[in-house]
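Here is data_37.txt, consisting of compact mmCIF, C-alpha atoms and all ligand atoms:
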```
# COMPACT_ATOMS: atom_id res chain seq x y z
CA MET A 23 0.00 0.00 0.00
CA THR A 24 1.43 3.42 -0.95
CA GLU A 25 1.14 6.56 1.16
CA ASN A 26 -1.43 7.86 -1.32
CA ASP A 27 -3.75 4.87 -0.74
CA THR A 28 -4.34 5.98 2.86
CA LYS A 29 -5.25 9.56 1.92
CA CYS A 30 -8.81 10.86 1.62
CA LYS A 31 -9.39 10.85 -2.15
CA LEU A 32 -11.00 13.91 -3.67
CA ALA A 33 -12.26 14.98 -7.08
CA LEU A 34 -12.16 18.53 -8.38
CA ILE A 35 -15.15 19.51 -10.54
CA GLY A 36 -14.36 22.79 -12.29
CA CYS A 37 -10.62 23.21 -12.74
CA GLY A 38 -10.53 26.98 -13.36
CA GLY A 39 -9.16 29.76 -11.16
CA LEU A 40 -10.73 28.79 -7.85
CA GLY A 41 -10.51 25.04 -8.38
CA ARG A 42 -6.77 25.46 -8.75
CA VAL A 43 -6.60 27.54 -5.55
CA HIS A 44 -8.20 24.64 -3.65
CA ALA A 45 -5.88 22.12 -5.35
CA GLU A 46 -2.90 24.17 -4.15
CA CYS A 47 -4.28 24.16 -0.58
CA ILE A 48 -4.92 20.40 -0.62
CA SER A 49 -1.36 19.79 -1.84
CA LYS A 50 -0.21 21.17 1.55
CA ILE A 51 -2.45 18.84 3.59
CA ASP A 52 -1.05 15.40 4.49
CA GLY A 53 -4.26 13.42 4.81
CA ALA A 54 -5.91 14.23 1.46
CA ALA A 55 -5.16 14.32 -2.27
CA PHE A 56 -7.02 15.05 -5.47
CA SER A 57 -7.35 11.85 -7.46
CA ALA A 58 -9.63 13.07 -10.27
CA TYR A 59 -10.17 16.30 -12.18
CA ALA A 60 -13.38 16.93 -14.12
CA ASP A 61 -14.12 19.89 -16.34
CA ILE A 62 -16.21 20.46 -19.48
CA ASP A 63 -12.90 21.75 -20.87
CA GLN A 64 -10.55 18.75 -21.14
CA GLY A 65 -7.55 21.11 -21.31
CA ALA A 66 -8.38 22.64 -17.91
CA ALA A 67 -8.71 19.18 -16.33
CA ASP A 68 -5.46 18.00 -17.95
CA ARG A 69 -3.56 21.05 -16.73
CA ALA A 70 -4.77 20.50 -13.15
CA LEU A 71 -3.76 16.81 -13.28
CA ALA A 72 -0.32 17.75 -14.63
CA ASP A 73 0.19 20.50 -12.02
CA PHE A 74 -1.22 18.86 -8.89
CA GLY A 75 -0.95 15.10 -9.57
CA GLY A 76 -3.60 12.41 -9.34
CA ASP A 77 -5.05 9.52 -11.31
CA TYR A 78 -7.14 10.93 -14.16
CA ALA A 79 -8.66 13.98 -15.89
CA THR A 80 -12.04 13.79 -17.58
CA THR A 81 -14.90 15.73 -19.14
CA ASP A 82 -17.31 13.07 -17.83
CA VAL A 83 -18.45 14.17 -14.35
CA ALA A 84 -20.47 10.95 -13.97
CA LYS A 85 -17.19 9.01 -13.98
CA VAL A 86 -16.21 10.81 -10.78
CA PHE A 87 -19.57 10.13 -9.13
CA GLU A 88 -19.31 6.42 -10.03
CA ASP A 89 -15.74 6.11 -8.74
CA PRO A 90 -15.98 4.29 -5.38
CA ARG A 91 -12.53 5.53 -4.31
CA ILE A 92 -13.64 9.19 -4.34
CA GLU A 93 -14.85 10.25 -0.89
CA ALA A 94 -15.58 13.91 -1.57
CA VAL A 95 -15.91 16.33 -4.48
CA TYR A 96 -15.08 20.01 -4.73
CA ILE A 97 -17.63 21.92 -6.84
CA CYS A 98 -15.81 24.92 -8.31
CA THR A 99 -17.85 25.55 -11.44
CA ARG A 100 -19.87 28.64 -12.29
CA HIS A 101 -23.08 29.28 -10.39
CA ASP A 102 -25.63 27.76 -12.80
CA SER A 103 -24.27 24.22 -12.26
CA HIS A 104 -23.70 24.28 -8.47
CA ALA A 105 -27.07 22.93 -7.35
CA SER A 106 -27.41 20.09 -9.86
CA LEU A 107 -23.82 18.93 -9.32
CA ALA A 108 -24.27 19.03 -5.53
CA ILE A 109 -27.45 16.97 -5.79
CA ASP A 110 -25.83 14.38 -8.09
CA ALA A 111 -22.76 14.19 -5.84
CA ALA A 112 -24.81 13.66 -2.68
CA ARG A 113 -26.99 11.02 -4.38
CA ALA A 114 -23.77 9.22 -5.31
CA GLY A 115 -22.78 9.31 -1.62
CA LYS A 116 -20.01 11.88 -2.06
CA HIS A 117 -19.35 14.62 0.47
CA VAL A 118 -19.18 18.11 -1.01
CA LEU A 119 -17.22 21.30 -0.58
CA ILE A 120 -19.06 23.87 -2.69
CA GLU A 121 -17.95 27.27 -3.88
CA LYS A 122 -20.34 30.15 -3.31
CA PRO A 123 -23.15 30.84 -3.94
CA LEU A 124 -25.01 27.56 -3.44
CA ALA A 125 -27.49 28.69 -6.12
CA LEU A 126 -29.06 31.84 -7.46
CA ASP A 127 -32.61 31.07 -6.24
CA MET A 128 -34.22 29.58 -3.16
CA THR A 129 -35.87 26.69 -5.03
CA ASP A 130 -32.48 25.27 -6.01
CA CYS A 131 -31.06 25.98 -2.55
CA GLU A 132 -33.91 24.05 -0.88
CA LYS A 133 -33.53 21.13 -3.33
CA VAL A 134 -29.86 20.81 -2.39
CA ALA A 135 -30.66 21.01 1.32
CA ALA A 136 -33.34 18.31 1.03
CA THR A 137 -30.91 15.98 -0.78
CA ILE A 138 -28.16 16.55 1.78
CA ARG A 139 -30.58 15.73 4.60
CA GLU A 140 -31.90 12.62 2.81
CA THR A 141 -28.46 11.24 1.97
CA GLY A 142 -26.73 12.19 5.25
CA THR A 143 -23.76 13.52 3.32
CA VAL A 144 -21.67 16.52 4.29
CA LEU A 145 -21.96 19.77 2.32
CA MET A 146 -19.65 22.54 3.43
CA PRO A 147 -19.92 25.97 1.78
CA ALA A 148 -16.57 27.53 0.89
CA PHE A 149 -17.05 30.72 2.91
CA LYS A 150 -13.33 31.34 3.33
CA MET A 151 -13.81 34.50 5.42
CA ARG A 152 -15.14 32.41 8.31
CA TYR A 153 -11.65 30.96 8.67
CA TYR A 154 -9.67 34.20 8.92
CA PRO A 155 -8.35 34.15 12.51
CA LEU A 156 -9.17 37.84 13.11
CA ILE A 157 -12.82 37.29 12.13
CA ARG A 158 -13.05 34.70 14.90
CA LYS A 159 -11.23 36.97 17.37
CA ALA A 160 -13.59 39.84 16.59
CA ARG A 161 -16.58 37.61 17.33
CA GLU A 162 -15.03 36.48 20.62
CA PHE A 163 -14.31 40.11 21.55
CA ILE A 164 -17.88 41.23 20.81
CA PRO A 165 -20.11 38.13 20.95
CA HIS A 166 -23.33 40.19 21.17
CA PRO A 167 -22.92 43.26 18.94
CA SER A 168 -25.52 46.01 18.86
CA ILE A 169 -24.37 47.27 15.43
CA ILE A 170 -22.49 45.49 12.61
CA VAL A 171 -21.08 47.07 9.46
CA GLY A 172 -20.15 44.70 6.62
CA GLN A 173 -18.75 45.90 3.32
CA MET A 174 -17.28 44.18 0.26
CA MET A 175 -16.38 46.52 -2.59
CA ASP A 176 -14.56 45.57 -5.79
CA ASN A 177 -13.21 47.53 -8.70
CA ARG A 178 -15.74 47.58 -11.54
CA TRP A 179 -16.26 44.15 -13.10
CA GLY A 180 -15.91 43.94 -16.88
CA ASP A 181 -19.16 43.78 -18.83
CA ASP A 182 -18.01 40.51 -20.38
CA ASN A 183 -16.97 38.90 -17.05
CA TRP A 184 -18.89 35.60 -16.80
CA ALA A 185 -19.93 36.52 -13.26
CA GLN A 186 -21.89 39.46 -14.76
CA ASP A 187 -24.03 37.01 -16.72
CA PRO A 188 -27.51 36.57 -15.14
CA ILE A 189 -27.50 32.77 -15.60
CA GLN A 190 -23.88 31.83 -14.92
CA GLY A 191 -22.99 34.52 -12.40
CA GLY A 192 -25.66 36.93 -11.12
CA ALA A 193 -23.38 40.04 -10.89
CA ASN A 194 -21.58 41.28 -7.81
CA VAL A 195 -24.40 41.26 -5.26
CA HIS A 196 -25.59 37.71 -6.04
CA SER A 197 -22.13 36.36 -6.75
CA GLN A 198 -20.20 37.66 -3.75
CA GLY A 199 -22.86 39.09 -1.45
CA CYS A 200 -23.34 35.78 0.33
CA HIS A 201 -19.75 36.01 1.66
CA THR A 202 -20.64 39.31 3.36
CA THR A 203 -24.11 38.33 4.56
CA ASP A 204 -22.70 35.10 5.99
CA ILE A 205 -20.16 37.01 8.08
CA ILE A 206 -22.75 39.58 9.20
CA ARG A 207 -25.06 36.73 10.27
CA TYR A 208 -22.14 34.96 12.01
CA PHE A 209 -21.25 38.13 13.92
CA SER A 210 -24.90 38.66 14.90
CA GLY A 211 -25.15 35.16 16.40
CA SER A 212 -28.77 35.35 15.34
CA GLU A 213 -31.13 35.03 12.37
CA PRO A 214 -32.44 37.93 10.24
CA GLU A 215 -35.88 39.36 11.01
CA SER A 216 -36.23 42.03 8.30
CA ILE A 217 -34.26 43.83 5.61
CA TRP A 218 -34.54 47.12 3.73
CA ALA A 219 -32.26 47.78 0.78
CA VAL A 220 -31.60 50.28 -2.00
CA GLY A 221 -29.33 49.93 -5.01
CA GLY A 222 -29.68 48.71 -8.56
CA MET A 223 -27.81 48.29 -11.80
CA MET A 224 -25.61 51.30 -11.19
CA THR A 225 -22.17 50.27 -12.48
CA HIS A 226 -23.69 48.21 -15.30
CA PRO A 227 -26.76 50.14 -16.47
CA GLY A 228 -29.00 48.01 -18.67
CA HIS A 229 -27.76 44.72 -17.20
CA ALA A 230 -30.30 42.35 -15.63
CA CYS A 231 -28.72 41.84 -12.21
CA ILE A 232 -28.29 44.20 -9.29
CA ASP A 233 -24.66 45.27 -8.94
CA GLN A 234 -24.76 47.72 -5.98
CA CYS A 235 -26.60 47.24 -2.69
CA VAL A 236 -26.87 49.18 0.55
CA ALA A 237 -29.01 47.31 3.06
CA SER A 238 -30.16 47.60 6.66
CA ILE A 239 -30.82 44.31 8.39
CA ARG A 240 -32.55 43.74 11.73
CA PHE A 241 -31.75 40.48 13.51
CA LYS A 242 -33.96 38.59 15.96
CA SER A 243 -31.40 39.31 18.71
CA GLY A 244 -32.15 43.05 18.29
CA CYS A 245 -28.79 43.69 16.62
CA VAL A 246 -28.87 45.83 13.47
CA ALA A 247 -26.47 45.69 10.50
CA SER A 248 -25.49 47.84 7.58
CA TRP A 249 -24.39 45.88 4.48
CA VAL A 250 -22.66 47.50 1.49
CA GLN A 251 -21.87 45.40 -1.58
CA GLY A 252 -20.82 46.28 -5.10
CA ASP A 253 -18.21 47.02 -7.72
CA SER A 254 -18.03 50.83 -7.70
CA SER A 255 -14.34 50.65 -6.70
CA CYS A 256 -12.10 48.90 -4.20
CA PRO A 257 -11.43 51.32 -1.33
CA PRO A 258 -7.67 51.56 -0.79
CA PHE A 259 -7.90 52.49 2.90
CA THR A 260 -10.15 49.66 4.14
CA SER A 261 -9.51 47.12 1.30
CA LYS A 262 -12.17 45.03 -0.45
CA PHE A 263 -13.28 43.43 2.84
CA PHE A 264 -14.26 45.63 5.79
CA PHE A 265 -16.24 44.89 8.94
CA GLN A 266 -16.98 46.81 12.15
CA LEU A 267 -18.64 45.60 15.32
CA TYR A 268 -19.97 47.77 18.12
CA SER A 269 -21.30 46.65 21.48
CA ALA A 270 -23.67 48.56 23.73
CA ASP A 271 -21.05 48.52 26.53
CA GLY A 272 -18.68 50.76 24.52
CA ARG A 273 -16.35 48.28 22.82
CA SER A 274 -15.66 48.18 19.09
CA VAL A 275 -13.52 46.38 16.54
CA GLN A 276 -12.64 47.17 12.92
CA LEU A 277 -11.36 44.55 10.43
CA TYR A 278 -9.53 45.79 7.34
CA ASP A 279 -6.50 45.24 5.05
CA ARG A 280 -8.13 42.10 3.59
CA LEU A 281 -8.91 40.96 7.14
CA LYS A 282 -5.23 40.82 8.06
CA LYS A 283 -5.61 43.69 10.53
CA ALA A 284 -8.05 44.24 13.37
CA THR A 285 -8.13 47.27 15.66
CA PHE A 286 -9.83 46.68 19.00
CA PHE A 287 -11.14 49.28 21.48
CA ASP A 288 -12.19 48.07 24.92
CA GLY A 289 -13.64 51.40 26.07
CA GLU A 290 -10.28 52.62 27.37
CA LYS A 291 -7.41 51.42 25.22
CA THR A 292 -6.87 50.64 21.55
CA TRP A 293 -4.64 47.97 20.03
CA THR A 294 -4.14 46.40 16.60
CA GLU A 295 -3.48 42.76 15.74
CA VAL A 296 -1.86 41.89 12.43
CA ARG A 297 -1.66 38.60 10.47
CA GLU A 298 1.08 38.24 7.90
CA ASP A 299 -0.96 36.33 5.32
CA GLU A 300 -4.51 35.66 4.24
CA GLU A 301 -5.17 32.21 5.69
CA GLY A 302 -8.85 31.67 4.82
CA PHE A 303 -8.49 29.31 1.87
CA GLN A 304 -5.94 27.04 3.55
CA LEU A 305 -7.78 26.90 6.87
CA GLU A 306 -11.18 26.16 5.26
CA ASN A 307 -9.63 23.23 3.39
CA GLU A 308 -8.05 21.94 6.58
CA ALA A 309 -11.40 22.23 8.36
CA PHE A 310 -13.20 20.26 5.64
CA ILE A 311 -10.64 17.44 5.57
CA LYS A 312 -10.54 17.28 9.38
CA ALA A 313 -14.34 16.96 9.58
CA LEU A 314 -14.27 14.14 7.00
CA SER A 315 -11.44 12.30 8.75
CA GLU A 316 -13.32 12.54 12.06
CA GLY A 317 -16.59 11.41 10.45
CA ARG A 318 -18.54 14.47 11.61
CA GLN A 319 -20.26 17.54 10.18
CA PRO A 320 -18.07 20.65 9.74
CA ALA A 321 -18.95 23.86 11.57
CA LEU A 322 -20.26 25.39 8.31
CA GLN A 323 -23.17 23.48 6.78
CA VAL A 324 -25.82 23.71 4.09
CA ASP A 325 -28.12 25.88 6.23
CA ASP A 326 -25.38 28.51 6.49
CA CYS A 327 -25.14 28.97 2.72
CA ILE A 328 -28.92 28.94 2.41
CA GLN A 329 -29.33 31.70 5.01
CA ALA A 330 -26.60 33.79 3.39
CA THR A 331 -28.31 33.55 0.00
CA ARG A 332 -31.76 34.12 1.56
CA ILE A 333 -30.54 37.52 2.82
CA VAL A 334 -29.11 38.39 -0.62
CA LEU A 335 -32.37 37.45 -2.37
CA ALA A 336 -34.44 39.44 0.14
CA ALA A 337 -32.24 42.50 -0.51
CA ASP A 338 -32.74 42.04 -4.24
CA LYS A 339 -36.53 41.97 -3.71
CA ALA A 340 -36.42 45.02 -1.43
CA ILE A 341 -34.47 46.97 -4.07
CA ARG A 342 -36.86 45.96 -6.85
CA THR A 343 -40.10 46.48 -4.90
CA GLY A 344 -39.09 49.31 -2.58
CA GLU A 345 -40.59 47.32 0.31
CA VAL A 346 -39.13 46.04 3.57
CA GLN A 347 -38.82 42.25 3.45
CA ASN A 348 -39.65 40.17 6.52
CA PHE A 349 -38.04 36.77 7.02
CA THR A 350 -40.42 33.98 7.96
CA THR A 351 -37.73 31.31 8.52
N1 LIG B 1 -14.31 31.98 -2.37
C1 LIG B 1 -13.78 32.94 -3.12
O1 LIG B 1 -13.13 33.85 -2.63
C2 LIG B 1 -14.00 32.89 -4.60
C3 LIG B 1 -13.26 33.72 -5.46
C4 LIG B 1 -13.48 33.61 -6.84
C5 LIG B 1 -14.40 32.70 -7.33
N2 LIG B 1 -15.11 31.92 -6.45
C6 LIG B 1 -16.11 30.97 -6.94
O2 LIG B 1 -15.47 29.83 -7.52
C7 LIG B 1 -16.30 29.28 -8.55
C8 LIG B 1 -15.52 29.19 -9.83
O3 LIG B 1 -15.05 30.45 -10.20
P1 LIG B 1 -13.75 30.60 -11.10
O4 LIG B 1 -13.33 32.01 -10.98
O5 LIG B 1 -12.79 29.52 -10.78
O6 LIG B 1 -14.37 30.34 -12.55
P2 LIG B 1 -13.62 29.78 -13.83
O7 LIG B 1 -14.45 30.11 -15.00
O8 LIG B 1 -12.18 30.17 -13.80
O9 LIG B 1 -13.65 28.18 -13.62
C9 LIG B 1 -14.81 27.43 -13.71
C10 LIG B 1 -14.44 26.11 -14.39
O10 LIG B 1 -15.59 25.25 -14.33
C11 LIG B 1 -15.70 24.60 -15.60
N3 LIG B 1 -17.11 24.19 -15.75
C12 LIG B 1 -18.17 24.98 -16.03
N4 LIG B 1 -19.30 24.22 -16.00
C13 LIG B 1 -18.93 22.96 -15.68
C14 LIG B 1 -19.64 21.75 -15.49
N5 LIG B 1 -20.97 21.70 -15.59
N6 LIG B 1 -18.93 20.65 -15.17
C15 LIG B 1 -17.58 20.68 -15.04
N7 LIG B 1 -16.86 21.81 -15.23
C16 LIG B 1 -17.53 22.94 -15.53
C17 LIG B 1 -15.22 25.63 -16.62
O11 LIG B 1 -14.82 25.03 -17.82
C18 LIG B 1 -14.06 26.26 -15.86
O12 LIG B 1 -12.83 25.60 -16.09
C19 LIG B 1 -17.52 30.22 -8.62
O13 LIG B 1 -18.53 29.69 -7.82
C20 LIG B 1 -17.00 31.52 -8.03
O14 LIG B 1 -18.02 32.34 -7.49
C21 LIG B 1 -14.91 32.00 -5.13
```
The structure given in the file should be rewritten as structure tokens.
Ligand SMILES: NC(=O)c1ccc[n+]([C@@H]2O[C@H](COP(=O)([O-])OP(=O)(O)OC[C@H]3O[C@@H](n4cnc5c(N)ncnc54)[C@H](O)[C@@H]3O)[C@@H](O)[C@H]2O)c1
Amino acid sequence: MTENDTKCKLALIGCGGLGRVHAECISKIDGAAFSAYADIDQGAADRALADFGGDYATTDVAKVFEDPRIEAVYICTRHDSHASLAIDAARAGKHVLIEKPLALDMTDCEKVAATIRETGTVLMPAFKMRYYPLIRKAREFIPHPSIIVGQMMDNRWGDDNWAQDPIQGGANVHSQGCHTTDIIRYFSGSEPESIWAVGGMMTHPGHACIDQCVASIRFKSGCVASWVQGDSSCPPFTSKFFFQLYSADGRSVQLYDRLKKATFFDGEKTWTEVREDEEGFQLENEAFIKALSEGRQPALQVDDCIQATRIVLAADKAIRTGEVQNFTT
């Protein structure tokens, strides 16, 4: 038996930019290895096999699902294929790490959730920000915030970027918003009660999908949040990712510089903690593999990606209707 035979065998579905980021992370983890690479583009699958090693590259995703040696699949395709691939994977008994968003509508999200529950498989959303150490520290410092600010702002996306496409991508708010709403929900320690939002197709006039969003969210805990998402420009001072937490007892924390810096204020003194590198991708992969090796569910599960997308979809509806949206679940 070779060392590779004892590793958790994985398959990568979608061998583009993000698939390759995950393959790089897995190459640094002892207990797991990609065995198979599947992509509708044979060249992309071949390149991943050549660069990261494994057993085969294919355009036939069914081959991966039928392979009894594969324990888990990574779904790193564009958004229109996430739900159907996740359902097929779970029905084949494979555990899933899925790139965001789970889907672009609630019907698909609920179908995935029902299949995961039926099959008892693991589905972990790839919300890398949850794994940044300073995000966790901020939550420990202010476990019950009164106010949360969450912002993710990019430079303007190209009109021909696939993520701008309404079917494959959904534009900035649908594509990336779930990262931000997941962290806001995580910081709140609660579930959303209502949301009011304004925005529209402001950086891409005439496009179908909302690209800028400014929302106010009330949580059941009583905490309120301000969420800003879009591609007007990436702010050089705060960076693309920016969060603030305030507590009613006078403490606050700001996260900035791509979540590598956090400045804490305890009511009297201020101090800043700095991380050298962005660790989210590596740590989320380690968390997934650890959960599989221990035969348990990871901390992040299907309900987390559903709630994150539910908030995004409610904001979309609030922007289009001009009405406050109340959450019933
Ligand atoms: N977590 C993050 O920070 C982050 C950052 C960027 C992208 N993403 C997400 O990663 C995913 C992939 O994005 P990307 O930038 O790598 O896109 P990409 O276009 O570079 O790669 C997608 C790959 O999937 C392949 N593909 C498409 N449909 C397929 C199918 N049905 N079966 C098999 N292969 C298929 C394409 O040929 C392509 O090689 C998206 O969900 C995106 O939102 C996440």
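Considering only C-alpha atoms, the residue among A:Cys245, A:Leu71, A:Ser261, A:Ile164 positioned nearest to Phe287 of chain A is A:Ile164.
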message: as a PyMOL selection string, please: every protein or nucleic acid residue near ligand LIG 1 (chain B) (cut-off 8 Å, counting all atoms listed in the file).
response: chain A and resi 35-42+60-63+66-67+81+83+97-104+107+120-123+148-150+184-185+191+197-198+201+303
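Using all atoms listed in the file, the shortest contact distance between Ser49 of chain A and any of A:Asp68, A:Asp182, A:Asp233, A:Glu308 is found at A:Glu308.
For the set A:Lys29, A:Thr80, A:Gln234, A:Phe264, the residue with the smallest atom-to-atom gap to His196 of chain A is A:Gln234, counting all atoms listed in the file.
Residue nearest Ala111 of chain A, chosen from A:Val134, A:Ile232, A:Ile328, A:Ala160 and counting only C-alpha atoms: A:Val134.
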message: Please return as a PyMOL selection string every residue within 12 Å of (-21.3, 8.9, -8.8), taking into account all atoms listed in the file and the file's own coordinates.
response: chain A and resi 33+82-95+107-117
Long-range neighbours of Ala270 of chain A as a list of chain:residue names, 10 Å cut-off, all atoms listed in the file, 3 positions minimum in chain: A:Ile164, A:His166, A:Pro167, A:Ser168, A:Ile169, A:Arg273, A:Ser274
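If all atoms listed in the file are the atoms counted, then among A:Asn307, A:Asn194, A:Gln347, A:Thr331 the closest residue to Leu119 of chain A is A:Asn307.
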- request: Mind checking which residues fall within 12 Å of segment 210-212 of chain A, counting all atoms listed in the file, ignoring those fewer than 5 positions away in the same chain, and posting them as an NGL selection string?
  value: :A and (160-162 or 164-172 or 203-205 or 239-248 or 266-269 or 326 or 329 or 351)
task: Do a neighbour search on Trp218 of chain A at 12 Å with all atoms listed in the file, toss out local chain neighbours closer than 2 positions, and write the hits as a PyMOL selection string.
output: chain A and resi 214-216+220-221+235-240+246-249+333-349
Emit the selected residues as a PDB file, in the coordinates of the input, including C-alpha atoms.
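Final output, part12.pdb:
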```pdb
ATOM      1  CA  PRO A 214     -32.440  37.930  10.240  1.00  0.00           C
ATOM      2  CA  GLU A 215     -35.880  39.360  11.010  1.00  0.00           C
ATOM      3  CA  SER A 216     -36.230  42.030   8.300  1.00  0.00           C
ATOM      4  CA  VAL A 220     -31.600  50.280  -2.000  1.00  0.00           C
ATOM      5  CA  GLY A 221     -29.330  49.930  -5.010  1.00  0.00           C
ATOM      6  CA  CYS A 235     -26.600  47.240  -2.690  1.00  0.00           C
ATOM      7  CA  VAL A 236     -26.870  49.180   0.550  1.00  0.00           C
ATOM      8  CA  ALA A 237     -29.010  47.310   3.060  1.00  0.00           C
ATOM      9  CA  SER A 238     -30.160  47.600   6.660  1.00  0.00           C
ATOM     10  CA  ILE A 239     -30.820  44.310   8.390  1.00  0.00           C
ATOM     11  CA  ARG A 240     -32.550  43.740  11.730  1.00  0.00           C
ATOM     12  CA  VAL A 246     -28.870  45.830  13.470  1.00  0.00           C
ATOM     13  CA  ALA A 247     -26.470  45.690  10.500  1.00  0.00           C
ATOM     14  CA  SER A 248     -25.490  47.840   7.580  1.00  0.00           C
ATOM     15  CA  TRP A 249     -24.390  45.880   4.480  1.00  0.00           C
ATOM     16  CA  ILE A 333     -30.540  37.520   2.820  1.00  0.00           C
ATOM     17  CA  VAL A 334     -29.110  38.390  -0.620  1.00  0.00           C
ATOM     18  CA  LEU A 335     -32.370  37.450  -2.370  1.00  0.00           C
ATOM     19  CA  ALA A 336     -34.440  39.440   0.140  1.00  0.00           C
ATOM     20  CA  ALA A 337     -32.240  42.500  -0.510  1.00  0.00           C
ATOM     21  CA  ASP A 338     -32.740  42.040  -4.240  1.00  0.00           C
ATOM     22  CA  LYS A 339     -36.530  41.970  -3.710  1.00  0.00           C
ATOM     23  CA  ALA A 340     -36.420  45.020  -1.430  1.00  0.00           C
ATOM     24  CA  ILE A 341     -34.470  46.970  -4.070  1.00  0.00           C
ATOM     25  CA  ARG A 342     -36.860  45.960  -6.850  1.00  0.00           C
ATOM     26  CA  THR A 343     -40.100  46.480  -4.900  1.00  0.00           C
ATOM     27  CA  GLY A 344     -39.090  49.310  -2.580  1.00  0.00           C
ATOM     28  CA  GLU A 345     -40.590  47.320   0.310  1.00  0.00           C
ATOM     29  CA  VAL A 346     -39.130  46.040   3.570  1.00  0.00           C
ATOM     30  CA  GLN A 347     -38.820  42.250   3.450  1.00  0.00           C
ATOM     31  CA  ASN A 348     -39.650  40.170   6.520  1.00  0.00           C
ATOM     32  CA  PHE A 349     -38.040  36.770   7.020  1.00  0.00           C
TER      33      PHE A 349
END
```
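Considering the residues A:Phe310, A:Phe209, A:Trp293, A:Trp179 and counting all atoms listed in the file, Met146 of chain A has its shortest atom-to-atom contact with A:Phe310.
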